[in-house]
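K.L.:
Sharing query-v6.csv below, CSV, C-alpha atoms:
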chain,number,residue,atom,x,y,z
T,10,MET,CA,14.2,-28.9,-2.9
T,11,LEU,CA,12.3,-25.7,-3.2
T,12,LEU,CA,11.8,-24.0,0.1
T,13,ALA,CA,9.1,-21.4,0.7
T,14,VAL,CA,9.9,-18.9,3.5
T,15,PHE,CA,7.3,-16.7,5.1
T,16,SER,CA,7.5,-14.0,7.8
T,17,ASP,CA,5.3,-11.6,9.7
T,18,ILE,CA,1.9,-13.1,8.8
T,19,HIS,CA,0.3,-11.1,11.6
T,20,GLY,CA,-3.1,-12.7,11.7
T,21,ASN,CA,-3.8,-12.0,8.0
T,22,ARG,CA,-5.6,-15.0,6.7
T,23,GLN,CA,-6.2,-13.7,3.2
T,24,ALA,CA,-2.5,-12.8,2.7
T,25,PHE,CA,-1.3,-16.1,4.1
T,26,GLU,CA,-3.7,-18.2,2.0
T,27,ALA,CA,-2.6,-16.3,-1.1
T,28,CYS,CA,1.1,-16.9,-0.4
T,29,LEU,CA,0.6,-20.6,0.3
T,30,LYS,CA,-1.3,-20.9,-2.9
T,31,VAL,CA,1.3,-19.2,-5.0
T,32,ALA,CA,4.2,-21.0,-3.4
T,33,ARG,CA,2.6,-24.4,-3.9
T,34,ALA,CA,1.8,-23.5,-7.5
T,35,LYS,CA,5.5,-22.7,-8.1
T,36,GLY,CA,6.5,-26.1,-6.7
T,37,ALA,CA,7.4,-25.4,-3.0
T,38,GLU,CA,8.1,-28.7,-1.3
T,39,ARG,CA,8.8,-27.4,2.3
T,40,PHE,CA,8.0,-24.4,4.3
T,41,ALA,CA,9.8,-22.2,6.9
T,42,LEU,CA,7.9,-19.7,9.1
T,43,LEU,CA,9.9,-16.8,10.6
T,44,GLY,CA,7.5,-15.8,13.3
T,45,ASP,CA,5.0,-13.0,14.1
T,46,PHE,CA,2.1,-15.3,13.4
T,47,VAL,CA,-0.2,-12.9,15.3
T,48,GLY,CA,-0.7,-9.2,16.0
T,49,TYR,CA,-2.4,-6.5,13.9
T,50,GLY,CA,-4.6,-8.9,11.9
T,51,ALA,CA,-8.1,-10.3,12.7
T,52,ASP,CA,-7.6,-14.0,12.2
T,53,PRO,CA,-4.9,-15.2,14.6
T,54,GLU,CA,-6.6,-18.5,15.3
T,55,TRP,CA,-6.7,-19.6,11.7
T,56,VAL,CA,-3.1,-18.5,11.1
T,57,VAL,CA,-1.8,-20.3,14.2
T,58,ASP,CA,-3.8,-23.4,13.4
T,59,THR,CA,-2.4,-23.4,9.9
T,60,ALA,CA,1.1,-22.9,11.1
T,61,MET,CA,0.7,-25.8,13.6
T,62,GLY,CA,-0.4,-28.0,10.7
T,63,LEU,CA,2.5,-27.1,8.6
T,64,VAL,CA,4.9,-27.8,11.5
T,65,GLN,CA,3.4,-31.2,11.9
T,66,GLU,CA,4.1,-31.8,8.2
T,67,GLY,CA,7.8,-30.8,8.7
T,68,ALA,CA,7.9,-27.1,8.4
T,69,ILE,CA,10.4,-25.0,10.3
T,70,ALA,CA,9.0,-22.3,12.6
T,71,VAL,CA,10.5,-19.7,14.9
T,72,ARG,CA,9.1,-17.2,17.4
T,73,GLY,CA,8.6,-13.5,16.7
T,74,ASN,CA,8.2,-10.7,19.1
T,75,HIS,CA,4.4,-10.5,18.7
T,76,ASP,CA,4.2,-14.2,19.4
T,77,GLU,CA,6.3,-13.6,22.5
T,78,ALA,CA,4.0,-10.8,23.6
T,79,VAL,CA,1.0,-13.1,23.6
T,80,ASN,CA,2.4,-15.0,26.6
T,81,THR,CA,4.2,-12.2,28.5
T,82,THR,CA,3.6,-8.6,29.6
T,83,THR,CA,7.2,-7.6,29.3
T,84,GLU,CA,7.3,-7.1,25.6
T,85,ALA,CA,7.1,-3.3,24.8
T,86,MET,CA,4.6,-2.5,22.0
T,87,ASN,CA,3.3,0.7,20.6
T,88,ALA,CA,-0.3,1.6,21.5
T,89,GLU,CA,-2.0,0.1,18.5
T,90,ALA,CA,0.1,-3.1,18.5
T,91,GLN,CA,-0.7,-3.5,22.3
T,92,VAL,CA,-4.4,-3.2,21.6
T,93,ALA,CA,-4.1,-6.0,19.0
T,94,ILE,CA,-2.0,-8.2,21.2
T,95,GLU,CA,-4.5,-7.9,24.1
T,96,TRP,CA,-7.4,-8.7,21.7
T,97,THR,CA,-5.4,-11.7,20.4
T,98,ARG,CA,-4.8,-13.1,23.8
T,99,ARG,CA,-8.5,-13.4,24.3
T,100,ARG,CA,-8.9,-15.2,21.0
T,101,LEU,CA,-6.3,-17.9,21.2
T,102,ASP,CA,-6.9,-21.1,23.1
T,103,VAL,CA,-4.5,-22.9,25.4
T,104,ALA,CA,-3.0,-25.1,22.7
T,105,GLN,CA,-2.5,-22.2,20.3
T,106,ARG,CA,-0.8,-20.1,23.0
T,107,ARG,CA,1.4,-23.0,24.0
T,108,PHE,CA,2.5,-23.5,20.4
T,109,LEU,CA,3.7,-19.9,20.2
T,110,ALA,CA,5.4,-20.1,23.6
T,111,GLU,CA,7.3,-23.2,22.7
T,112,LEU,CA,8.6,-22.0,19.4
T,113,PRO,CA,12.4,-21.7,19.3
T,114,MET,CA,14.2,-18.4,18.8
T,115,LEU,CA,16.2,-19.7,15.9
T,116,VAL,CA,16.6,-22.9,13.9
T,117,GLU,CA,19.8,-24.2,12.2
T,118,ASP,CA,19.2,-26.5,9.3
T,119,THR,CA,22.3,-27.7,7.5
T,120,ASP,CA,24.0,-24.5,6.3
T,121,ARG,CA,21.0,-22.3,6.8
T,122,LEU,CA,19.8,-20.4,9.8
T,123,PHE,CA,16.2,-19.2,10.4
T,124,VAL,CA,15.4,-16.4,12.9
T,125,HIS,CA,12.8,-13.7,13.2
T,126,SER,CA,14.9,-10.6,13.8
T,127,GLU,CA,18.6,-11.3,13.3
T,128,ALA,CA,21.2,-13.8,14.5
T,129,SER,CA,23.5,-11.9,16.9
T,130,SER,CA,20.9,-11.4,19.7
T,131,PRO,CA,17.6,-12.9,18.5
T,132,GLN,CA,15.9,-12.3,21.8
T,133,ARG,CA,16.6,-8.5,21.6
T,134,TRP,CA,14.5,-8.1,18.4
T,135,TYR,CA,16.9,-5.8,16.5
T,136,TYR,CA,16.0,-4.6,13.1
T,137,VAL,CA,18.3,-5.1,10.1
T,138,ARG,CA,18.2,-1.6,8.6
T,139,SER,CA,21.7,-1.4,7.0
T,140,THR,CA,24.8,-3.3,5.9
T,141,ALA,CA,26.3,-2.7,9.4
T,142,ASP,CA,23.3,-4.3,11.0
T,143,ALA,CA,23.5,-7.2,8.5
T,144,ALA,CA,27.2,-7.6,9.2
T,145,LYS,CA,26.5,-7.9,13.0
T,146,SER,CA,24.1,-10.8,12.2
T,147,LEU,CA,26.3,-12.5,9.7
T,148,ILE,CA,29.5,-12.6,11.8
T,149,SER,CA,27.6,-14.4,14.6
T,150,THR,CA,26.9,-17.5,12.6
T,151,PRO,CA,28.8,-19.8,10.2
T,152,ALA,CA,25.6,-20.4,8.1
T,153,HIS,CA,25.9,-19.8,4.4
T,154,VAL,CA,22.4,-18.3,4.3
T,155,THR,CA,20.4,-16.7,7.2
T,156,PHE,CA,16.7,-15.9,6.7
T,157,CYS,CA,15.1,-13.3,8.8
T,158,GLY,CA,12.1,-10.9,8.8
T,159,HIS,CA,10.8,-8.4,11.5
T,160,ILE,CA,11.3,-5.2,9.5
T,161,HIS,CA,8.6,-5.9,6.9
T,162,ARG,CA,10.8,-4.7,4.0
T,163,PRO,CA,12.7,-7.1,1.7
T,164,ALA,CA,16.5,-6.8,1.4
T,165,LEU,CA,19.4,-9.0,0.6
T,166,TYR,CA,22.9,-8.6,2.1
T,167,SER,CA,26.1,-10.5,1.6
T,168,MET,CA,29.6,-10.6,3.2
T,169,SER,CA,32.8,-11.8,1.5
T,170,VAL,CA,35.6,-13.7,3.2
T,171,THR,CA,37.3,-10.3,3.7
T,172,ALA,CA,34.2,-9.0,5.5
T,173,LYS,CA,33.2,-6.7,2.5
T,174,MET,CA,29.5,-6.1,2.7
T,175,THR,CA,27.0,-5.6,-0.1
T,176,GLY,CA,23.3,-4.9,0.1
T,177,LEU,CA,20.4,-4.5,-2.4
T,178,VAL,CA,16.7,-4.4,-2.6
T,179,PRO,CA,15.8,-7.5,-4.6
T,180,LYS,CA,13.5,-7.4,-7.6
T,181,THR,CA,10.3,-9.4,-7.6
T,182,ASP,CA,10.5,-12.7,-9.5
T,183,VAL,CA,14.2,-12.3,-10.3
T,184,SER,CA,16.3,-15.2,-9.1
T,185,VAL,CA,19.6,-14.4,-7.4
T,186,PRO,CA,22.4,-17.0,-7.0
T,187,LEU,CA,23.7,-17.0,-3.5
T,188,LEU,CA,27.4,-17.8,-4.2
T,189,ARG,CA,29.2,-20.1,-1.9
T,190,GLY,CA,32.1,-17.7,-1.5
T,191,ARG,CA,30.0,-15.3,0.5
T,192,GLN,CA,27.6,-15.4,3.5
T,193,TRP,CA,24.1,-14.1,2.9
T,194,LEU,CA,21.3,-12.5,4.9
T,195,ALA,CA,17.9,-12.7,3.2
T,196,VAL,CA,15.6,-10.2,4.9
T,197,LEU,CA,12.0,-11.1,4.0
T,198,GLY,CA,9.2,-8.7,3.4
T,199,SER,CA,5.9,-9.3,5.3
T,200,VAL,CA,3.1,-11.7,4.4
T,201,GLY,CA,0.5,-9.9,6.4
T,202,GLN,CA,1.6,-6.3,6.6
T,203,PRO,CA,4.1,-5.1,4.0
T,204,ARG,CA,5.7,-1.8,4.6
T,205,ASP,CA,7.7,-1.2,1.4
T,206,GLY,CA,4.9,0.6,-0.5
T,207,ASP,CA,3.6,-2.6,-2.2
T,208,PRO,CA,0.4,-3.9,-0.6
T,209,SER,CA,0.8,-7.4,-2.0
T,210,ALA,CA,2.0,-10.1,0.3
T,211,ALA,CA,5.7,-11.0,0.3
T,212,PHE,CA,7.6,-14.2,0.7
T,213,VAL,CA,10.7,-15.9,-0.8
T,214,LEU,CA,11.5,-19.2,-2.6
T,215,PHE,CA,14.9,-20.8,-2.1
T,216,ASP,CA,16.3,-23.6,-4.2
T,217,THR,CA,18.4,-25.7,-1.8
T,218,VAL,CA,20.3,-27.3,-4.7
T,219,SER,CA,21.1,-24.3,-6.9
T,220,CYS,CA,21.2,-21.9,-4.0
T,221,GLN,CA,19.1,-19.4,-5.9
T,222,ILE,CA,16.7,-17.2,-4.0
T,223,THR,CA,13.6,-15.5,-5.5
T,224,TYR,CA,11.6,-12.8,-3.8
T,225,CYS,CA,7.9,-13.2,-4.6
T,226,ARG,CA,4.7,-11.2,-4.2
T,227,ALA,CA,1.1,-12.5,-4.0
T,228,PRO,CA,-1.8,-10.1,-4.5
T,229,TYR,CA,-4.6,-10.9,-2.1
T,230,ASP,CA,-8.0,-9.6,-1.0
T,231,VAL,CA,-6.8,-6.6,1.0
T,232,GLU,CA,-10.3,-5.2,1.5
T,233,THR,CA,-11.6,-8.4,3.1
T,234,ALA,CA,-8.6,-8.5,5.5
T,235,ALA,CA,-9.1,-4.8,6.3
T,236,ASN,CA,-12.8,-5.2,6.9
T,237,ARG,CA,-12.1,-8.1,9.3
T,238,ILE,CA,-9.9,-5.8,11.3
T,239,ARG,CA,-12.6,-3.0,11.5
T,240,GLU,CA,-15.4,-5.5,12.3
T,241,ASN,CA,-13.5,-6.8,15.2
T,242,GLY,CA,-13.0,-3.4,16.8
T,243,LEU,CA,-9.3,-3.2,16.3
T,244,PRO,CA,-7.7,0.2,15.5
T,245,HIS,CA,-8.7,1.3,12.0
T,246,TRP,CA,-5.1,2.4,11.1
T,247,LEU,CA,-4.2,-1.3,11.1
T,248,ALA,CA,-6.8,-1.8,8.4
T,249,ASP,CA,-6.1,1.4,6.4
T,250,ARG,CA,-2.3,0.7,6.2
T,251,LEU,CA,-2.8,-2.6,4.4
T,252,SER,CA,-3.9,-0.9,1.1
T,253,GLN,CA,-1.0,1.5,1.3
T,254,GLY,CA,1.7,-1.1,2.0
T,255,ARG,CA,3.1,0.8,4.9
Could you express the structure from this file as structure tokens?
P.N.:
Amino acid sequence: MLLAVFSDIHGNRQAFEACLKVARAKGAERFALLGDFVGYGADPEWVVDTAMGLVQEGAIAVRGNHDEAVNTTTEAMNAEAQVAIEWTRRRLDVAQRRFLAELPMLVEDTDRLFVHSEASSPQRWYYVRSTADAAKSLISTPAHVTFCGHIHRPALYSMSVTAKMTGLVPKTDVSVPLLRGRQWLAVLGSVGQPRDGDPSAAFVLFDTVSCQITYCRAPYDVETAANRIRENGLPHWLADRLSQGR
């Protein structure tokens, strides 16, 4: 089965639509959504409704820190993110907010684990920035492959049976076999707000039979997404950064 995994959509309808279209064209049969459906972008209602529909069809979904912030005032955000969250709260209806509130922090599915930030303390929203961070996540789960997001920059880490760590920045459209003798942490880039210098939306495809992972990019209408942010009175920096991929 070909699994498409998305993270950090952040209310960006144009980017999410592009990723779904590309994933389906490549043969994706199931979807996993790693949280942060809202925040920053101007179409949270559409993104949440689309996620709800995918979950009803069997998709996996977990909660991100921006999803958490919609329903609580205890999540610390920078000033621009806080403005976007407060705006988002006013846009979502009761059912949409309940969907976000009821999402699990992590999901285990056979030998795979899905989480927004990382597996050791998913509720603390730690970033995976290094092999040391990745190791902390990997030793907390027996899963062969853990999928996470949160940092908006793609990376792939592995740990051997002797706890030797490796890490790399994966190349787009180059499949990597996730060997059974190691544990793997696949850190996704962002659908809705990439921060690795490439403005195109990011996601991964994972073949559950061959255990091959492919990091993919989907160009989308960045200008429309940016204009939607500006038109809705959100901070202009949230729009400007989309074309810069940062």
K.L.:
Neighbouring residues of Thr140 in chain T were defined as those with any atom within 8 Å, considering all atoms listed in the file; residues of the same chain fewer than 5 positions away were excluded. Please report them as a list in words.
P.N.:
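Here the answer would be Tyr166, Met174, Thr175 and Gly176 of chain T.
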K.L.:
Could you name the residues that touch Pro113 in chain T at 9 Å or less, counting only C-alpha atoms, but leaving out those on the same chain fewer than 6 positions away, as a list in words?
P.N.:
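That gives Ala70, Val71, Arg72 and Val124 of chain T.
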K.L.:
Hey, can you check how far CA of Ala51 in chain T sits from CA of Phe108 in chain T?
P.N.:
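Spanning CA of Ala51 in chain T to CA of Phe108 in chain T is a straight-line distance of 18.6 Å.
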K.L.:
I want to know what sits within 10 Å of Ile148 in chain T, based on only C-alpha atoms, with residues of the same chain fewer than 5 positions away left out; could you give that as number ranges by chain?
P.N.:
T: 128-129, 143, 168, 172, 192
K.L.:
If you measure from CA of Pro179 in chain T to CA of Ala164 in chain T, what distance in Å do you get, rounded to one decimal?
P.N.:
6.1 Å
K.L.:
Could I get range 121-180 of chain T from the block written as a PDB file, in the first residue's frame, with C-alpha atoms?
P.N.:
ATOM      1  CA  ARG T 121       4.722   2.615  12.371  1.00  0.00           C
ATOM      2  CA  LEU T 122       4.179   5.554  14.709  1.00  0.00           C
ATOM      3  CA  PHE T 123       2.697   8.912  13.731  1.00  0.00           C
ATOM      4  CA  VAL T 124       3.219  12.025  15.868  1.00  0.00           C
ATOM      5  CA  HIS T 125       3.415  15.763  15.296  1.00  0.00           C
ATOM      6  CA  SER T 126       6.620  16.661  17.119  1.00  0.00           C
ATOM      7  CA  GLU T 127       8.480  13.561  18.350  1.00  0.00           C
ATOM      8  CA  ALA T 128       7.778  10.391  20.322  1.00  0.00           C
ATOM      9  CA  SER T 129       9.503  10.861  23.688  1.00  0.00           C
ATOM     10  CA  SER T 130       7.225  13.661  24.959  1.00  0.00           C
ATOM     11  CA  PRO T 131       4.723  14.486  22.221  1.00  0.00           C
ATOM     12  CA  GLN T 132       2.832  16.937  24.430  1.00  0.00           C
ATOM     13  CA  ARG T 133       5.987  19.042  24.952  1.00  0.00           C
ATOM     14  CA  TRP T 134       6.311  19.869  21.249  1.00  0.00           C
ATOM     15  CA  TYR T 135      10.079  19.353  21.024  1.00  0.00           C
ATOM     16  CA  TYR T 136      11.792  19.996  17.686  1.00  0.00           C
ATOM     17  CA  VAL T 137      13.984  17.360  16.069  1.00  0.00           C
ATOM     18  CA  ARG T 138      17.022  19.423  15.080  1.00  0.00           C
ATOM     19  CA  SER T 139      19.844  16.863  15.356  1.00  0.00           C
ATOM     20  CA  THR T 140      20.732  13.194  15.606  1.00  0.00           C
ATOM     21  CA  ALA T 141      20.648  13.558  19.406  1.00  0.00           C
ATOM     22  CA  ASP T 142      17.053  14.787  19.233  1.00  0.00           C
ATOM     23  CA  ALA T 143      16.187  11.978  16.837  1.00  0.00           C
ATOM     24  CA  ALA T 144      17.770   9.376  19.125  1.00  0.00           C
ATOM     25  CA  LYS T 145      15.669  10.588  22.050  1.00  0.00           C
ATOM     26  CA  SER T 146      12.548  10.016  19.982  1.00  0.00           C
ATOM     27  CA  LEU T 147      13.610   6.657  18.582  1.00  0.00           C
ATOM     28  CA  ILE T 148      14.535   5.036  21.879  1.00  0.00           C
ATOM     29  CA  SER T 149      11.083   5.826  23.246  1.00  0.00           C
ATOM     30  CA  THR T 150       9.279   3.573  20.754  1.00  0.00           C
ATOM     31  CA  PRO T 151       9.765   0.089  19.267  1.00  0.00           C
ATOM     32  CA  ALA T 152       8.296   1.259  15.949  1.00  0.00           C
ATOM     33  CA  HIS T 153      10.324   0.524  12.839  1.00  0.00           C
ATOM     34  CA  VAL T 154       9.391   3.907  11.347  1.00  0.00           C
ATOM     35  CA  THR T 155       8.261   7.052  13.154  1.00  0.00           C
ATOM     36  CA  PHE T 156       6.805   9.897  11.103  1.00  0.00           C
ATOM     37  CA  CYS T 157       6.831  13.437  12.522  1.00  0.00           C
ATOM     38  CA  GLY T 158       6.773  17.057  11.421  1.00  0.00           C
ATOM     39  CA  HIS T 159       6.708  20.303  13.435  1.00  0.00           C
ATOM     40  CA  ILE T 160      10.055  21.747  12.312  1.00  0.00           C
ATOM     41  CA  HIS T 161       8.977  22.394   8.688  1.00  0.00           C
ATOM     42  CA  ARG T 162      12.253  21.055   7.266  1.00  0.00           C
ATOM     43  CA  PRO T 163      12.652  17.521   5.860  1.00  0.00           C
ATOM     44  CA  ALA T 164      15.204  15.132   7.340  1.00  0.00           C
ATOM     45  CA  LEU T 165      15.681  11.391   7.718  1.00  0.00           C
ATOM     46  CA  TYR T 166      17.387   9.736  10.695  1.00  0.00           C
ATOM     47  CA  SER T 167      18.133   6.130  11.586  1.00  0.00           C
ATOM     48  CA  MET T 168      19.446   4.204  14.575  1.00  0.00           C
ATOM     49  CA  SER T 169      21.211   0.814  14.433  1.00  0.00           C
ATOM     50  CA  VAL T 170      20.825  -2.005  16.956  1.00  0.00           C
ATOM     51  CA  THR T 171      24.010  -0.671  18.597  1.00  0.00           C
ATOM     52  CA  ALA T 172      22.441   2.819  18.840  1.00  0.00           C
ATOM     53  CA  LYS T 173      24.626   4.300  16.099  1.00  0.00           C
ATOM     54  CA  MET T 174      22.828   7.272  14.554  1.00  0.00           C
ATOM     55  CA  THR T 175      22.807   8.567  11.001  1.00  0.00           C
ATOM     56  CA  GLY T 176      21.053  11.574   9.550  1.00  0.00           C
ATOM     57  CA  LEU T 177      20.593  13.085   6.114  1.00  0.00           C
ATOM     58  CA  VAL T 178      18.610  15.634   4.177  1.00  0.00           C
ATOM     59  CA  PRO T 179      16.676  13.513   1.669  1.00  0.00           C
ATOM     60  CA  LYS T 180      16.648  14.361  -2.012  1.00  0.00           C
TER      61      LYS T 180
END
